[in-house]
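Peer 1: Input: one structure, supplied below.
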Amino acid sequence: MRHRRYPSDTTDDEWTLIEPLLPIAACDTARGGRPEKHPRREIVDAIRYVVDTGCKWRALPADYPPWRTVWGFMARWAACGVIGQIRDALAQRIRREMGKGPRAVATIIDSQSVKAASTVGKDSRGYDPGRRINGRKRHLVVDTRGLPLLVMVTPADLHDSAAAKEVLFRLRLMHPEITIVWADRAYAGKLVTWAKKHLNLTIKTVARPKDTSGFILLPRRWVVERSLAWIMNARRHARDYERLIQHSETLITWAAITLMTRRLTRGKKSLTRLPVTPPRLTQAA
């Protein structure tokens with residue numbers, strides 16, 4: 001029985017939110033399967049530990065399940081789309097508690113270039129001349145409250161307007177109710193016409209005032225920039241370490257999930273006062 005001692009560990013209230021959203025265990029299905037050796041809560045805590053502290057997978061503390069087991073669950077859940085479903089379910093719940101509709105119709109898009117570690121191959125990295133960064137670029141779409149709706153990672157040398165076609169196409173498939181997207185001037189030009197014609201999306205650009213310097217709080221755009229700053233608080237995302245782009249997207253989404261579960265359980269009992277939950281056997285996904 002592992003005592004919950006790390007800041008990234010889930011509280012009982014957080015686990016109550018996450019557990020029902022995980023896939024059904026294999027041996028609970030008609031096909032059957034072998035029982036899991038480690039409780040799923042320990043798996044989730046281990047993934048959150050890696051995201052929060054930025055440690056290597058092989059450097060997981062010994063009181064967590066083996067790193068290969070944790071990484072395997074992370075990869076399988078990412079491949080079957082579970083992480084995106086958890087993100088969307090939590091975002092809808094937050095919107096309901098704020099008195100909003102469960103689905104957003106207005107969004108904001110922006111990108112962020114980050115350096116890539118030596119574990120990132122040449123095929124998925126590039127040089128961003130504007131920001132002078134050799135690495136990858138994160139494209140994030142959020143609603144007007146800063147809740148993430150979609151994240152896509154590309155090489156840093158891909159221009160925002162070129163990557164935006166794929167981002168907006170995915171956004172339209174996942175969230176057909178969205179009608180408007182606010183963005184900076186990098187998304188202006190032919191992209192506006194293309195999005196309106198093919199996706200029925202209205203792109204409105206928010207330009208920086210002329211003859212200004214230094215930091216300026218721009219309408220709408222500050223929301224997505226704040227969300228990017230929130231994600232950067234997770235040390236795993238100060239640099240991109242993932243060999244596969246889809247794993248990078250998954251761990252960014254895990255950072256967003258942690259932010260949302262903390263927000264939903266804010267004001268509840270602290271981690272140190274929570275009783276330790278006995279482990280239970282669950283089945284493989």
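Chain lettering (A, B, ...) mirrors the order of the structure tokens, residue numbering begins at 1 for each chain separately, and ligand numbering begins at 1 in order of display.
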Find the spatial neighbours of Thr53 (chain A), counting only C-alpha atoms, within a cut-off of 7 Å - ignore same-chain residues fewer than 2 positions away - and output them as a PyMOL selection string.

Peer 2: chain A and resi 49-51+55+234-236

Peer 1: Counting only C-alpha atoms, which residues of region 193-252 of chain A fall within 9 Å of region 101-117 of chain A, and what is the closest atom pair for each with its distance in Å at one decimal, ordered by chain and rising number, as JSON lines?

Peer 2:
```
{"residue": "A:Arg220", "atom": "CA", "partner": "A:Ile108", "partner_atom": "CA", "distance": 7.0}
{"residue": "A:Arg221", "atom": "CA", "partner": "A:Ile108", "partner_atom": "CA", "distance": 6.7}
{"residue": "A:Val223", "atom": "CA", "partner": "A:Ile108", "partner_atom": "CA", "distance": 7.5}
{"residue": "A:Val224", "atom": "CA", "partner": "A:Ile108", "partner_atom": "CA", "distance": 6.2}
{"residue": "A:Glu225", "atom": "CA", "partner": "A:Asp110", "partner_atom": "CA", "distance": 7.4}
{"residue": "A:Leu228", "atom": "CA", "partner": "A:Gln112", "partner_atom": "CA", "distance": 7.7}
{"residue": "A:His237", "atom": "CA", "partner": "A:Val114", "partner_atom": "CA", "distance": 8.3}
{"residue": "A:Ala238", "atom": "CA", "partner": "A:Val114", "partner_atom": "CA", "distance": 7.2}
{"residue": "A:Arg239", "atom": "CA", "partner": "A:Lys115", "partner_atom": "CA", "distance": 5.3}
{"residue": "A:Asp240", "atom": "CA", "partner": "A:Ala116", "partner_atom": "CA", "distance": 4.6}
{"residue": "A:Tyr241", "atom": "CA", "partner": "A:Ala117", "partner_atom": "CA", "distance": 5.2}
{"residue": "A:Glu242", "atom": "CA", "partner": "A:Ala117", "partner_atom": "CA", "distance": 8.2}
```

Peer 1: So, counting only C-alpha atoms, which residue among A:Leu147, A:Ala26, A:Leu244, A:Leu17 is closest to Arg226 (chain A)?

Peer 2: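 Closest to Arg226 (chain A) of all the choices is A:Leu147.
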
Peer 1: Could you tell me, as an MDAnalysis selection string, which residues of region 28-225 of chain A DSSP assigns to strand (DSSP E) when given the backbone?

Peer 2: chainID A and resid 106:115 126:128 133:143 148:155 180:183 202:205

Peer 1: I need the residue nearest Met260 (chain A) from this list: A:Arg76, A:Arg138, A:Arg40, A:Arg145. Use only C-alpha atoms for the distance.

Peer 2: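 Nearest candidate to Met260 (chain A) out of A:Arg76, A:Arg138, A:Arg40, A:Arg145: A:Arg145.
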
Peer 1: Hey, what does DSSP flag as helix (DSSP H, G or I) within region 13-247 of chain A? Can you give it to me as an MDAnalysis selection string?

Peer 2: chainID A and resid 13:21 26:28 40:53 57:59 67:79 82:97 122:124 160:174 185:187 190:199 221:232 235:238 245:247

Peer 1: Ranking A:Leu150, A:Val192, A:Leu158, A:Leu199 by minimum distance to Arg172 (chain A) and counting only C-alpha atoms, which one comes first?

Peer 2: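 Smallest separation from Arg172 (chain A) among the options: A:Leu199.
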
Peer 1: For CA of Glu249 (chain A) and CA of Ile178 (chain A), determine how far apart the two atoms are, in Å to one decimal place.

Peer 2: 21.5 Å

Peer 1: Considering only C-alpha atoms, can you say which of A:Ile180, A:Ile252, A:Cys80, A:Leu264 comes closest to Leu201 (chain A)?

Peer 2: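 Of the candidates, the smallest distance to Leu201 (chain A) is held by A:Ile180.
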
Peer 1: Residues at most 9 Å from Thr261 (chain A), counting only C-alpha atoms, excluding those fewer than 4 positions away in the same chain, as an mmCIF file with all heavy atoms, in the first residue's frame?

Peer 2:
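Below is the file result_10.cif, written as the result:
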```cif
data_model
loop_
_atom_site.group_PDB
_atom_site.id
_atom_site.type_symbol
_atom_site.label_atom_id
_atom_site.label_comp_id
_atom_site.auth_asym_id
_atom_site.auth_seq_id
_atom_site.Cartn_x
_atom_site.Cartn_y
_atom_site.Cartn_z
ATOM 1 N N THR A 10 -3.013 12.162 -6.987
ATOM 2 C CA THR A 10 -4.425 12.514 -6.995
ATOM 3 C C THR A 10 -5.004 12.465 -5.582
ATOM 4 O O THR A 10 -4.657 11.594 -4.784
ATOM 5 C CB THR A 10 -5.224 11.537 -7.876
ATOM 6 O OG1 THR A 10 -5.003 10.197 -7.417
ATOM 7 C CG2 THR A 10 -4.826 11.654 -9.318
ATOM 8 N N ASP A 13 -10.918 13.140 -4.138
ATOM 9 C CA ASP A 13 -11.908 13.840 -4.959
ATOM 10 C C ASP A 13 -11.498 13.843 -6.433
ATOM 11 O O ASP A 13 -12.343 13.688 -7.316
ATOM 12 C CB ASP A 13 -12.079 15.280 -4.463
ATOM 13 C CG ASP A 13 -12.699 15.328 -3.076
ATOM 14 O OD1 ASP A 13 -13.668 14.579 -2.845
ATOM 15 O OD2 ASP A 13 -12.220 16.082 -2.225
ATOM 16 N N GLU A 14 -10.218 14.030 -6.700
ATOM 17 C CA GLU A 14 -9.755 13.999 -8.087
ATOM 18 C C GLU A 14 -9.931 12.613 -8.689
ATOM 19 O O GLU A 14 -10.339 12.471 -9.852
ATOM 20 C CB GLU A 14 -8.279 14.407 -8.156
ATOM 21 C CG GLU A 14 -8.029 15.880 -7.943
ATOM 22 C CD GLU A 14 -6.568 16.228 -8.114
ATOM 23 O OE1 GLU A 14 -5.777 15.939 -7.188
ATOM 24 O OE2 GLU A 14 -6.196 16.771 -9.163
ATOM 25 N N TRP A 15 -9.618 11.584 -7.918
ATOM 26 C CA TRP A 15 -9.750 10.230 -8.440
ATOM 27 C C TRP A 15 -11.214 9.888 -8.712
ATOM 28 O O TRP A 15 -11.530 9.156 -9.647
ATOM 29 C CB TRP A 15 -9.137 9.231 -7.470
ATOM 30 C CG TRP A 15 -9.200 7.814 -7.946
ATOM 31 C CD1 TRP A 15 -9.805 6.752 -7.338
ATOM 32 C CD2 TRP A 15 -8.620 7.290 -9.149
ATOM 33 N NE1 TRP A 15 -9.647 5.615 -8.086
ATOM 34 C CE2 TRP A 15 -8.922 5.909 -9.208
ATOM 35 C CE3 TRP A 15 -7.887 7.851 -10.181
ATOM 36 C CZ2 TRP A 15 -8.513 5.091 -10.248
ATOM 37 C CZ3 TRP A 15 -7.481 7.039 -11.232
ATOM 38 C CH2 TRP A 15 -7.791 5.677 -11.253
ATOM 39 N N LEU A 17 -13.293 11.871 -9.958
ATOM 40 C CA LEU A 17 -13.585 12.455 -11.261
ATOM 41 C C LEU A 17 -12.980 11.639 -12.403
ATOM 42 O O LEU A 17 -13.602 11.473 -13.455
ATOM 43 C CB LEU A 17 -13.034 13.889 -11.328
ATOM 44 C CG LEU A 17 -13.660 14.929 -10.399
ATOM 45 C CD1 LEU A 17 -12.873 16.228 -10.477
ATOM 46 C CD2 LEU A 17 -15.116 15.169 -10.767
ATOM 47 N N ILE A 18 -11.773 11.126 -12.198
ATOM 48 C CA ILE A 18 -11.030 10.478 -13.280
ATOM 49 C C ILE A 18 -11.441 9.023 -13.477
ATOM 50 O O ILE A 18 -11.588 8.556 -14.623
ATOM 51 C CB ILE A 18 -9.515 10.569 -13.011
ATOM 52 C CG1 ILE A 18 -9.059 12.025 -13.037
ATOM 53 C CG2 ILE A 18 -8.728 9.746 -14.027
ATOM 54 C CD1 ILE A 18 -7.609 12.216 -12.654
ATOM 55 N N LEU A 90 -14.083 16.744 -18.526
ATOM 56 C CA LEU A 90 -13.772 17.664 -17.422
ATOM 57 C C LEU A 90 -14.057 19.107 -17.823
ATOM 58 O O LEU A 90 -14.583 19.895 -17.015
ATOM 59 C CB LEU A 90 -12.316 17.505 -17.002
ATOM 60 C CG LEU A 90 -11.935 16.162 -16.367
ATOM 61 C CD1 LEU A 90 -10.436 16.094 -16.123
ATOM 62 C CD2 LEU A 90 -12.699 15.928 -15.070
ATOM 63 N N ALA A 256 -3.096 19.473 -18.706
ATOM 64 C CA ALA A 256 -4.382 20.173 -18.696
ATOM 65 C C ALA A 256 -5.399 19.443 -17.826
ATOM 66 O O ALA A 256 -6.194 20.080 -17.109
ATOM 67 C CB ALA A 256 -4.905 20.311 -20.128
ATOM 68 N N ILE A 257 -5.386 18.111 -17.859
ATOM 69 C CA ILE A 257 -6.307 17.333 -17.030
ATOM 70 C C ILE A 257 -6.041 17.589 -15.549
ATOM 71 O O ILE A 257 -6.972 17.754 -14.749
ATOM 72 C CB ILE A 257 -6.177 15.833 -17.364
ATOM 73 C CG1 ILE A 257 -6.777 15.546 -18.731
ATOM 74 C CG2 ILE A 257 -6.868 14.970 -16.300
ATOM 75 C CD1 ILE A 257 -6.524 14.134 -19.226
ATOM 76 N N THR A 265 -11.858 20.432 -7.756
ATOM 77 C CA THR A 265 -11.810 19.998 -6.349
ATOM 78 C C THR A 265 -11.213 21.049 -5.440
ATOM 79 O O THR A 265 -10.877 20.761 -4.305
ATOM 80 C CB THR A 265 -10.988 18.698 -6.233
ATOM 81 O OG1 THR A 265 -9.657 18.922 -6.722
ATOM 82 C CG2 THR A 265 -11.633 17.580 -7.033
ATOM 83 N N ARG A 266 -11.039 22.248 -5.939
ATOM 84 C CA ARG A 266 -10.454 23.324 -5.142
ATOM 85 C C ARG A 266 -11.291 23.592 -3.895
ATOM 86 O O ARG A 266 -12.521 23.618 -3.943
ATOM 87 C CB ARG A 266 -10.356 24.599 -5.975
ATOM 88 C CG ARG A 266 -9.592 25.737 -5.311
ATOM 89 C CD ARG A 266 -9.567 26.937 -6.234
ATOM 90 N NE ARG A 266 -8.915 26.598 -7.500
ATOM 91 C CZ ARG A 266 -9.062 27.304 -8.614
ATOM 92 N NH1 ARG A 266 -9.872 28.344 -8.648
ATOM 93 N NH2 ARG A 266 -8.425 26.949 -9.708
#
```

Peer 1: Can you tell me, as a PyMOL selection string, what residues are no more than 12 Å from Ala188 (chain A) when counting only C-alpha atoms, ignoring any on the same chain fewer than 5 positions away?

Peer 2: chain A and resi 159-162+164+181-183+193-195+202-207

Peer 1: Excluding same-chain residues fewer than 3 positions from region 63-66 of chain A, what lies within 12 Å of it counting only C-alpha atoms, as a PyMOL selection string?

Peer 2: chain A and resi 1-6+9+36-50+57-60+69-73

Peer 1: What does the file look like for those residues with N, CA, C and O atoms, as a compact mmCIF listing (two decimals), in the first residue's frame?

Peer 2:
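After the write, again.txt holds the following:
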```
# COMPACT_ATOMS: atom_id res chain seq x y z
N MET A 1 0.85 -1.19 0.00
CA MET A 1 0.00 0.00 0.00
C MET A 1 0.89 1.24 0.00
O MET A 1 1.69 1.45 0.89
N ARG A 2 0.76 2.07 -1.04
CA ARG A 2 1.62 3.24 -1.18
C ARG A 2 0.98 4.46 -0.55
O ARG A 2 -0.15 4.82 -0.83
N HIS A 3 1.72 5.12 0.34
CA HIS A 3 1.24 6.36 0.93
C HIS A 3 1.39 7.48 -0.10
O HIS A 3 2.40 7.56 -0.79
N ARG A 4 0.42 8.34 -0.19
CA ARG A 4 0.44 9.42 -1.16
C ARG A 4 1.22 10.58 -0.58
O ARG A 4 0.76 11.29 0.30
N ARG A 5 2.42 10.77 -1.12
CA ARG A 5 3.35 11.73 -0.53
C ARG A 5 3.79 12.82 -1.50
O ARG A 5 4.44 13.78 -1.08
N TYR A 6 3.47 12.70 -2.79
CA TYR A 6 3.95 13.68 -3.77
C TYR A 6 2.86 14.68 -4.12
O TYR A 6 1.68 14.34 -4.15
N ASP A 9 0.25 13.65 -6.76
CA ASP A 9 -0.67 12.54 -6.54
C ASP A 9 -2.12 13.02 -6.52
O ASP A 9 -2.42 14.12 -6.06
N GLU A 36 -5.21 -6.76 -13.84
CA GLU A 36 -4.05 -5.88 -13.75
C GLU A 36 -3.31 -6.11 -12.43
O GLU A 36 -3.93 -6.36 -11.39
N LYS A 37 -2.02 -5.97 -12.47
CA LYS A 37 -1.20 -6.19 -11.29
C LYS A 37 -1.18 -4.97 -10.38
O LYS A 37 -1.05 -5.09 -9.16
N HIS A 38 -1.31 -3.78 -10.99
CA HIS A 38 -1.21 -2.53 -10.22
C HIS A 38 -2.51 -1.74 -10.32
O HIS A 38 -3.14 -1.70 -11.37
N PRO A 39 -2.93 -1.10 -9.23
CA PRO A 39 -4.15 -0.28 -9.26
C PRO A 39 -4.00 0.87 -10.26
O PRO A 39 -2.93 1.45 -10.41
N ARG A 40 -5.08 1.19 -10.90
CA ARG A 40 -5.02 2.24 -11.91
C ARG A 40 -4.71 3.61 -11.29
O ARG A 40 -4.13 4.46 -11.97
N ARG A 41 -5.10 3.81 -10.08
CA ARG A 41 -4.79 5.09 -9.45
C ARG A 41 -3.28 5.28 -9.35
O ARG A 41 -2.77 6.40 -9.52
N GLU A 42 -2.54 4.20 -9.09
CA GLU A 42 -1.09 4.29 -9.03
C GLU A 42 -0.51 4.61 -10.41
O GLU A 42 0.48 5.35 -10.54
N ILE A 43 -1.13 4.09 -11.46
CA ILE A 43 -0.68 4.37 -12.82
C ILE A 43 -0.88 5.86 -13.14
O ILE A 43 0.02 6.53 -13.65
N VAL A 44 -2.06 6.38 -12.83
CA VAL A 44 -2.36 7.79 -13.09
C VAL A 44 -1.43 8.69 -12.27
O VAL A 44 -0.90 9.68 -12.79
N ASP A 45 -1.20 8.35 -11.01
CA ASP A 45 -0.30 9.14 -10.18
C ASP A 45 1.11 9.16 -10.76
O ASP A 45 1.80 10.20 -10.72
N ALA A 46 1.57 8.04 -11.28
CA ALA A 46 2.91 7.97 -11.86
C ALA A 46 3.02 8.83 -13.12
O ALA A 46 4.02 9.52 -13.32
N ILE A 47 2.00 8.80 -13.96
CA ILE A 47 2.01 9.65 -15.17
C ILE A 47 2.04 11.11 -14.77
O ILE A 47 2.81 11.92 -15.32
N ARG A 48 1.23 11.47 -13.80
CA ARG A 48 1.20 12.87 -13.35
C ARG A 48 2.52 13.28 -12.71
O ARG A 48 2.94 14.44 -12.82
N TYR A 49 3.20 12.34 -12.06
CA TYR A 49 4.50 12.64 -11.46
C TYR A 49 5.52 12.99 -12.55
O TYR A 49 6.28 13.95 -12.42
N VAL A 50 5.54 12.20 -13.63
CA VAL A 50 6.46 12.47 -14.73
C VAL A 50 6.17 13.84 -15.34
O VAL A 50 7.08 14.63 -15.62
N TRP A 57 11.38 8.60 -17.54
CA TRP A 57 10.51 7.47 -17.23
C TRP A 57 11.25 6.46 -16.37
O TRP A 57 10.68 5.91 -15.42
N ARG A 58 12.50 6.23 -16.68
CA ARG A 58 13.28 5.23 -15.93
C ARG A 58 13.62 5.70 -14.52
O ARG A 58 14.09 4.91 -13.70
N ALA A 59 13.41 6.99 -14.23
CA ALA A 59 13.73 7.54 -12.92
C ALA A 59 12.50 7.63 -12.00
O ALA A 59 12.55 8.32 -10.98
N LEU A 60 11.42 6.96 -12.36
CA LEU A 60 10.24 6.96 -11.49
C LEU A 60 10.60 6.42 -10.11
O LEU A 60 11.34 5.44 -9.99
N THR A 69 5.45 -0.41 -17.22
CA THR A 69 4.00 -0.57 -17.06
C THR A 69 3.29 0.77 -17.19
O THR A 69 2.27 0.90 -17.87
N VAL A 70 3.84 1.79 -16.53
CA VAL A 70 3.23 3.12 -16.56
C VAL A 70 3.25 3.68 -17.98
O VAL A 70 2.24 4.19 -18.48
N TRP A 71 4.40 3.56 -18.65
CA TRP A 71 4.52 4.07 -20.01
C TRP A 71 3.57 3.32 -20.95
O TRP A 71 2.96 3.92 -21.84
N GLY A 72 3.41 2.02 -20.73
CA GLY A 72 2.52 1.24 -21.57
C GLY A 72 1.07 1.70 -21.46
O GLY A 72 0.36 1.81 -22.47
N PHE A 73 0.62 1.97 -20.23
CA PHE A 73 -0.74 2.47 -20.05
C PHE A 73 -0.90 3.83 -20.71
O PHE A 73 -1.92 4.12 -21.35
```

Peer 1: When distances are computed from only C-alpha atoms, which of A:Leu251, A:Lys197, A:Ala91, A:Cys27 shows the smallest separation from Arg263 (chain A)?

Peer 2: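 Ranked by minimum distance to Arg263 (chain A), first place goes to A:Ala91.
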
Peer 1: From the options A:Ser8, A:Ser213, A:Trp230, A:Met174, which residue's atoms come nearest to Gly54 (chain A), counting only C-alpha atoms?

Peer 2: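 When distances to Gly54 (chain A) are compared using only C-alpha atoms, the smallest one comes from A:Ser8.
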